[in-house]
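The next block holds one structure in the form of structure tokens; read it before the comments.
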Amino acid sequence: MTEANITRLVSKLSQMRGVTLKLGQLMSIPDTYILPPGVDNIFRRVQDSAHHMPDWQMQRMLQTSLGETWADSFISFDRIPFAAASIGQVHHAVLAPSQSPPGGGGGGGGQRVAVKIRFPNIASSIASGLGYVKMLLTAGSLLPRSLSLNRTIQVWPGRTERVLVMEHMEGVSIGDAVIGALPQEKRHEIASRIFGLCLWELFQFMLMQTDQNFMNFLWNSRSQQLSLVDFGATREYNKEFMDNWLRSLQAAASEDRIACAELSRGLWYLTGEENEIMLDAHIDSMILLATPFKSTTPQAFAFGPGTPWADITARIRTNIPVMLKHRLPPPPRETYSVIGN
């Protein structure tokens with residue numbers, strides 16, 4: 001694929017929104033190995049370069065959400081977005097002092113914020129796109145009946161907000177070439193902080209930001225701070241589920257197969273009626289996934305090509321067709337975000 005063809009394709013994809021662009025972004029996440037390198041490069045270039053709304057349309061969205069006097073809430077508002085992706089665009093702004101939280105600070109007495117504005121009619125566009133995806137997968141018999149698409153691809157009707165105002169964070173994306181050029185020790189530190197943040201989200205906050213786009217993780221080399229931005233997509237977990245999920249992780253790390261089966265039934269991963277083939281594939285996968293948490297595993301644990309983790313993921317991948325064929329109930333809804341992140 002020539003550079004000219006890549007440029008043309010990036011230009012076309014940048015004009016698309018919703019499911020098409022988001023699926024491409026998800027598949028281009030580093031270390032997923034889903035796309036061929038040439039196609040993967042195209043989607044990475046589209047990650048943060050989608051076309052934005054014309055000014056009149058952006059203003060209409062703000063007026064609809066914040067009222068005719070929306071501009072009074074800001075000291076300044078950059079009308080040209082600094083980022084635009086699959087479902088919305090993001091603008092730099094400074095809140096008016098009356099709108100800033102105590103201690104917010106910032107230029108002119110207000111707090112610097114990032115304002116994310118959802119594209120108009122994007123909810124119906126996503127629903128339509130997901131409908132086509134479901135039709136293609138089911139009509140083509142590409143997925144087994146045991147995989148519940150109704151749980152996997154679902155648009156929540158309660159998501160009606162159009163504007164999200166967030167604290168502005170300084171830094172560069174962890175997928176940026178600047179990060180790739182850092183010493184290996186520093187990159188290990190950043191990776192460790194990301195994993196630590198993930199565990200805090202799951203077991204302390206019980207609220208996870210579920211858009212794992214690398215553009216949402218920023219590293220500030222001056223303050224040595226890792227920031228997670230864009231909470232337009234989140235998943236909340238209840239304490240009972242997460243407590244049992246942690247116990248299942250501990251059981252897997254200690255290779256306690258009996259406890260793995262019992263806890264999996266309590267979490268509704270299993271019913272107790274599964275055959276031995278399904279049970280073995282399920283528990284084997286749990287134990288493999290828990291490898292980084294085992295007391296016998298040397299730390300720091302390396303991920304990526306050429307590491308033991310690459311072999312582990314390959315072994316889990318061989319279990320997936322077995323579990324899809326023999327699974328009785330679909331996994332609990334929380335699974336799709338806990339495992340995905």
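Chains: A, B, ... in order of the structure tokens. Residues: from 1 per chain. Ligands: from 1, in order shown.
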>> Could you pull out the alpha helix (DSSP H) residues of segment 145-324 of chain A, going by DSSP on the backbone, and write them as a PyMOL selection string?
In response: chain A and resi 149-152+177-180+184-200+239-253+257-266+276-289+308-324
> segment 285-297 of chain A: which residues within 8 Å, counting only C-alpha atoms, same-chain residues fewer than 3 positions away excluded, as a list in words?
Replying inline: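 Residues meeting the cut-off are Leu249, Gln250, Ala252, Ala253, Ser254, Glu255, Cys260, Ala281, His282, Phe301, Ile312, Ile316 and Asn319 of chain A.
Residue nearest Asp211 of chain A, chosen from A:Met242, A:Met58, A:Met166, A:Thr234 and counting only C-alpha atoms: A:Thr234.
When atom CA of Asp230 of chain A is paired with atom CA of Asn216 of chain A, their separation reads 6.4 Å.
Atom CA of Pro120 of chain A is found 28.2 Å from atom CA of Ser227 of chain A.
Proximity ranking of A:Met61, A:Ile75, A:Leu207, A:Ala93 relative to Arg235 of chain A places A:Leu207 first, based on only C-alpha atoms.
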